[in-house]
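Have a look at model-v2.tsv; it's TSV, C-alpha atoms:
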chain	number	residue	atom	x	y	z
M	23	MET	CA	-10.46	-50.88	30.76
M	24	ALA	CA	-8.24	-50.41	27.73
M	25	ALA	CA	-8.01	-47.06	25.98
M	26	PRO	CA	-9.81	-46.89	22.63
M	27	ASN	CA	-7.76	-47.33	19.51
M	28	LEU	CA	-7.26	-43.59	18.81
M	29	PRO	CA	-5.97	-43.87	15.22
M	30	LEU	CA	-9.23	-45.59	14.29
M	31	PHE	CA	-11.40	-43.59	16.68
M	32	LEU	CA	-10.48	-40.12	15.35
M	33	PRO	CA	-11.44	-40.63	11.69
M	34	VAL	CA	-14.63	-42.45	12.68
M	35	ALA	CA	-15.58	-39.66	15.08
M	36	PHE	CA	-14.82	-37.04	12.42
M	37	LEU	CA	-16.97	-38.83	9.84
M	38	LEU	CA	-19.87	-39.13	12.27
M	39	LEU	CA	-19.69	-35.42	13.08
M	40	ALA	CA	-19.43	-34.48	9.41
M	41	ALA	CA	-22.46	-36.62	8.53
M	42	ALA	CA	-24.67	-35.27	11.33
M	43	PRO	CA	-27.46	-32.96	10.17
M	44	ALA	CA	-27.04	-29.32	11.09
M	45	PRO	CA	-29.45	-28.20	13.79
M	46	SER	CA	-31.97	-25.56	12.85
M	47	ALA	CA	-30.87	-22.17	14.04
M	48	ALA	CA	-33.07	-20.50	16.60
M	49	GLU	CA	-33.47	-16.76	16.26
M	50	LYS	CA	-33.25	-14.09	18.92
M	51	PHE	CA	-35.71	-11.20	18.74
M	52	VAL	CA	-35.16	-8.01	20.72
M	53	VAL	CA	-38.65	-7.03	21.84
M	54	GLY	CA	-39.38	-3.54	20.55
M	55	GLY	CA	-36.34	-3.57	18.27
M	56	LYS	CA	-34.11	-0.53	18.81
M	57	LYS	CA	-36.68	0.96	21.20
M	58	ASN	CA	-36.41	-2.10	23.50
M	59	TRP	CA	-38.94	-2.89	26.26
M	60	ALA	CA	-40.04	0.58	27.31
M	61	ALA	CA	-43.05	2.83	27.70
M	62	ASN	CA	-44.53	4.58	24.66
M	63	VAL	CA	-43.64	1.83	22.18
M	64	ASN	CA	-46.36	0.25	20.04
M	65	TYR	CA	-45.99	-3.45	20.78
M	66	THR	CA	-49.21	-4.35	18.98
M	67	THR	CA	-47.51	-3.97	15.59
M	68	TRP	CA	-43.96	-5.02	16.52
M	69	PRO	CA	-44.56	-8.82	16.29
M	70	ASP	CA	-46.29	-8.48	12.90
M	71	GLN	CA	-42.94	-8.15	11.15
M	72	TYR	CA	-41.68	-11.55	12.36
M	73	ARG	CA	-42.53	-15.24	12.45
M	74	PHE	CA	-41.76	-16.90	15.76
M	75	HIS	CA	-40.89	-20.60	15.99
M	76	VAL	CA	-40.34	-23.10	18.77
M	77	GLY	CA	-36.80	-22.65	20.04
M	78	ASP	CA	-36.58	-18.93	19.26
M	79	TRP	CA	-35.73	-16.41	21.98
M	80	LEU	CA	-37.30	-13.11	23.05
M	81	GLN	CA	-34.89	-10.63	24.56
M	82	PHE	CA	-36.40	-7.90	26.73
M	83	ASN	CA	-33.96	-5.03	27.30
M	84	TYR	CA	-35.21	-2.42	29.76
M	85	ALA	CA	-34.26	0.32	32.21
M	86	ARG	CA	-33.19	-1.19	35.51
M	87	ASP	CA	-35.62	-0.69	38.43
M	88	MET	CA	-38.16	0.96	36.13
M	89	TYR	CA	-39.81	-1.91	34.23
M	90	ASP	CA	-40.38	-5.63	34.56
M	91	VAL	CA	-41.45	-8.53	32.33
M	92	VAL	CA	-44.42	-10.65	33.35
M	93	GLN	CA	-45.72	-13.59	31.35
M	94	VAL	CA	-49.45	-14.00	31.94
M	95	ALA	CA	-51.48	-17.08	31.16
M	96	ASP	CA	-54.11	-15.86	28.75
M	97	ALA	CA	-55.74	-13.09	26.75
M	98	ALA	CA	-58.02	-12.12	29.64
M	99	ALA	CA	-55.08	-11.35	31.96
M	100	TYR	CA	-53.29	-9.66	29.09
M	101	ASP	CA	-56.26	-7.43	28.21
M	102	LYS	CA	-56.83	-6.48	31.88
M	103	CYS	CA	-53.09	-5.97	32.57
M	104	ASP	CA	-53.58	-8.46	35.41
M	105	ALA	CA	-50.24	-9.67	36.80
M	106	SER	CA	-51.73	-11.26	39.93
M	107	LYS	CA	-51.05	-14.84	38.71
M	108	PRO	CA	-47.84	-14.61	36.65
M	109	LEU	CA	-46.38	-17.60	34.86
M	110	VAL	CA	-43.00	-15.86	34.85
M	111	LYS	CA	-41.96	-12.58	36.45
M	112	TYR	CA	-38.58	-10.97	35.99
M	113	ASP	CA	-37.56	-7.61	37.40
M	114	ARG	CA	-33.81	-7.83	38.08
M	115	GLY	CA	-30.99	-6.51	36.00
M	116	ARG	CA	-31.48	-4.72	32.70
M	117	GLY	CA	-32.87	-7.51	30.64
M	118	PHE	CA	-34.56	-10.85	30.41
M	119	VAL	CA	-34.22	-13.56	27.76
M	120	PHE	CA	-37.09	-15.99	27.30
M	121	GLN	CA	-37.13	-19.11	25.12
M	122	LEU	CA	-40.31	-19.92	23.21
M	123	ASN	CA	-40.50	-23.65	23.93
M	124	HIS	CA	-43.92	-24.64	22.58
M	125	THR	CA	-46.43	-23.61	19.95
M	126	GLY	CA	-49.23	-21.24	20.82
M	127	ARG	CA	-49.72	-17.68	21.94
M	128	TYR	CA	-47.54	-16.07	24.61
M	129	TYR	CA	-48.58	-12.96	26.54
M	130	PHE	CA	-46.19	-10.53	28.24
M	131	ILE	CA	-46.95	-7.33	30.17
M	132	CYS	CA	-45.17	-4.81	32.36
M	133	SER	CA	-46.81	-4.91	35.78
M	134	ARG	CA	-45.55	-1.52	36.97
M	135	GLY	CA	-48.46	0.50	35.55
M	136	TYR	CA	-47.05	0.85	32.05
M	137	CYS	CA	-49.19	-1.97	30.68
M	138	TRP	CA	-52.15	0.42	30.63
M	139	SER	CA	-50.27	2.65	28.21
M	140	GLY	CA	-49.49	-0.26	25.88
M	141	MET	CA	-46.38	-1.87	27.36
M	142	LYS	CA	-47.51	-5.39	26.56
M	143	VAL	CA	-46.81	-7.78	23.73
M	144	THR	CA	-48.24	-11.05	22.48
M	145	VAL	CA	-46.55	-13.42	20.02
M	146	LEU	CA	-47.82	-16.47	18.20
M	147	VAL	CA	-45.30	-19.32	18.07
M	148	GLU	CA	-45.36	-21.89	15.28
M	149	GLU	CA	-43.59	-25.21	14.79
M	150	SER	CA	-40.01	-24.90	13.62
M	151	PRO	CA	-39.80	-24.85	9.83
M	152	ALA	CA	-39.06	-28.16	8.18
M	153	GLN	CA	-35.51	-28.83	7.10
M	154	PRO	CA	-34.98	-28.44	3.34
M	155	PRO	CA	-35.32	-31.72	1.47
M	156	GLN	CA	-32.14	-33.66	0.83
M	157	ALA	CA	-30.62	-33.34	-2.64
M	158	ALA	CA	-31.18	-36.17	-5.08
M	159	ALA	CA	-28.86	-39.13	-4.61
M	160	PRO	CA	-25.61	-38.69	-6.55
M	161	SER	CA	-24.62	-41.09	-9.28
M	162	PRO	CA	-22.60	-44.12	-8.14
M	163	ASN	CA	-19.39	-42.64	-9.62
M	164	ALA	CA	-20.00	-39.30	-7.90
M	165	ALA	CA	-20.77	-41.12	-4.66
M	166	ALA	CA	-17.56	-43.10	-4.94
M	167	ARG	CA	-15.54	-39.93	-5.60
M	168	HIS	CA	-17.27	-38.24	-2.67
M	169	GLY	CA	-16.44	-41.23	-0.46
M	170	VAL	CA	-12.77	-41.05	-1.42
M	171	VAL	CA	-12.68	-37.30	-0.78
M	172	ALA	CA	-14.48	-37.70	2.56
M	173	TRP	CA	-12.09	-40.47	3.55
M	174	ALA	CA	-9.07	-38.37	2.56
M	175	VAL	CA	-10.36	-35.36	4.52
M	176	ALA	CA	-11.07	-37.55	7.55
M	177	ALA	CA	-7.63	-39.17	7.35
M	178	ALA	CA	-5.94	-35.79	7.04
M	179	ALA	CA	-7.90	-34.42	10.00
M	180	ALA	CA	-7.12	-37.50	12.07
M	181	SER	CA	-3.45	-37.25	11.16
M	182	LEU	CA	-3.38	-33.59	12.18
M	183	CYS	CA	-5.16	-34.35	15.46
M	184	ALA	CA	-2.75	-37.20	16.17
M	185	ALA	CA	0.23	-34.96	15.42
M	186	VAL	CA	-1.08	-32.19	17.68
M	187	LEU	CA	-1.78	-34.65	20.49
M	188	GLY	CA	1.52	-36.48	19.92
M	189	LEU	CA	-0.18	-39.79	19.17
M	190	PRO	CA	0.80	-42.41	16.61
M	191	PHE	CA	-1.31	-42.46	13.47
M	192	ALA	CA	-1.94	-45.30	11.06
M	193	VAL	CA	-4.28	-45.84	8.14
M	194	TRP	CA	-5.82	-49.22	7.47
M	195	LEU	CA	-7.11	-50.13	4.05

Hey, can you dump this file as C-alpha cells for me?
Amino acid sequence: MAAPNLPLFLPVAFLLLAAAPAPSAAEKFVVGGKKNWAANVNYTTWPDQYRFHVGDWLQFNYARDMYDVVQVADAAAYDKCDASKPLVKYDRGRGFVFQLNHTGRYYFICSRGYCWSGMKVTVLVEESPAQPPQAAAPSPNAAARHGVVAWAVAAAAASLCAAVLGLPFAVWL
C-alpha cells in the first residue's frame, strides 16, 4: 500500500481539525468542597450550589481506611443508609472519581456508620447544556477572506510540519 501524499494530507487534516466543533467541557466537582468527603459535613446543602450535567465528574476525597463511597440504587436505600445492595462501592486509596453518565438522581452514602450522621449526598443530573447557536453566516466577501486566511494558516502549518518532519512540501493551486 502506498504512503499517503503527505503534502496534501497535512493541510487537509489541519483544516478538518480546525473545523471540528469543540466538545463541551465536563466539570469536576469535589464533593463537600474544601471539607471533602468526611463526617460532620452538611451534604444536603452542598449540591444546591451547582448544576450537574451528563459527563460531569464527582470527586470524593477522604481519609484512607476511615470512609468509603457507596452508590445506592434509590431514595429508600439512601434514606435508610442501606448499603446491602450497592451499585458501586469504593473503599481503597484516598479518593474516588465517579462520572455522571446519565440523567436522573444519584445517591451516595458512606457505609461505615457515618451515613447516620449525614455523610450522604444526592445529586440530580441534567442533560448537557446545548451548544451556543452558530453566528450568522458571514457575507460572501468576508467568507472569501476567511477562506484565504484559513488556507494560508493551513499551508503555513503544513509547511512547518513538513520542515520539522523533514518532508518535501508543495502547494497546489

**Report entry** Nearest to Phe118 of chain M, chosen from M:Cys103, M:Val92, M:Val63, M:Ala98, with only C-alpha atoms counted in the distances
**Finding:**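 For Phe118 of chain M, the nearest of the given residues is M:Val92.
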
Requested in this report: Do a neighbour search on segment 144-151 of chain M at 12 Å with all atoms listed in the file, toss out local chain neighbours closer than 4 positions, and write the hits as a ChimeraX atom specification.
Outcome: /M:45-49,51,53-54,64-80,92-97,99-101,121-131,140,155

Query raised in the report: For Met141 of chain M, which residue among M:Lys107, M:Arg116, M:Lys57, M:Arg86 is the nearest when counting all atoms listed in the file?
Result: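 For Met141 of chain M, the nearest of the candidates is M:Lys57.
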
Requested in this report: Give the answer as one residue: which of M:Ala61, M:Lys50, M:Tyr89, M:Lys142 has the shortest atom-to-atom distance to Gly115 of chain M, using all atoms listed in the file?
Outcome: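 Of M:Ala61, M:Lys50, M:Tyr89, M:Lys142, the one nearest Gly115 of chain M, counting all atoms listed in the file, is M:Tyr89.
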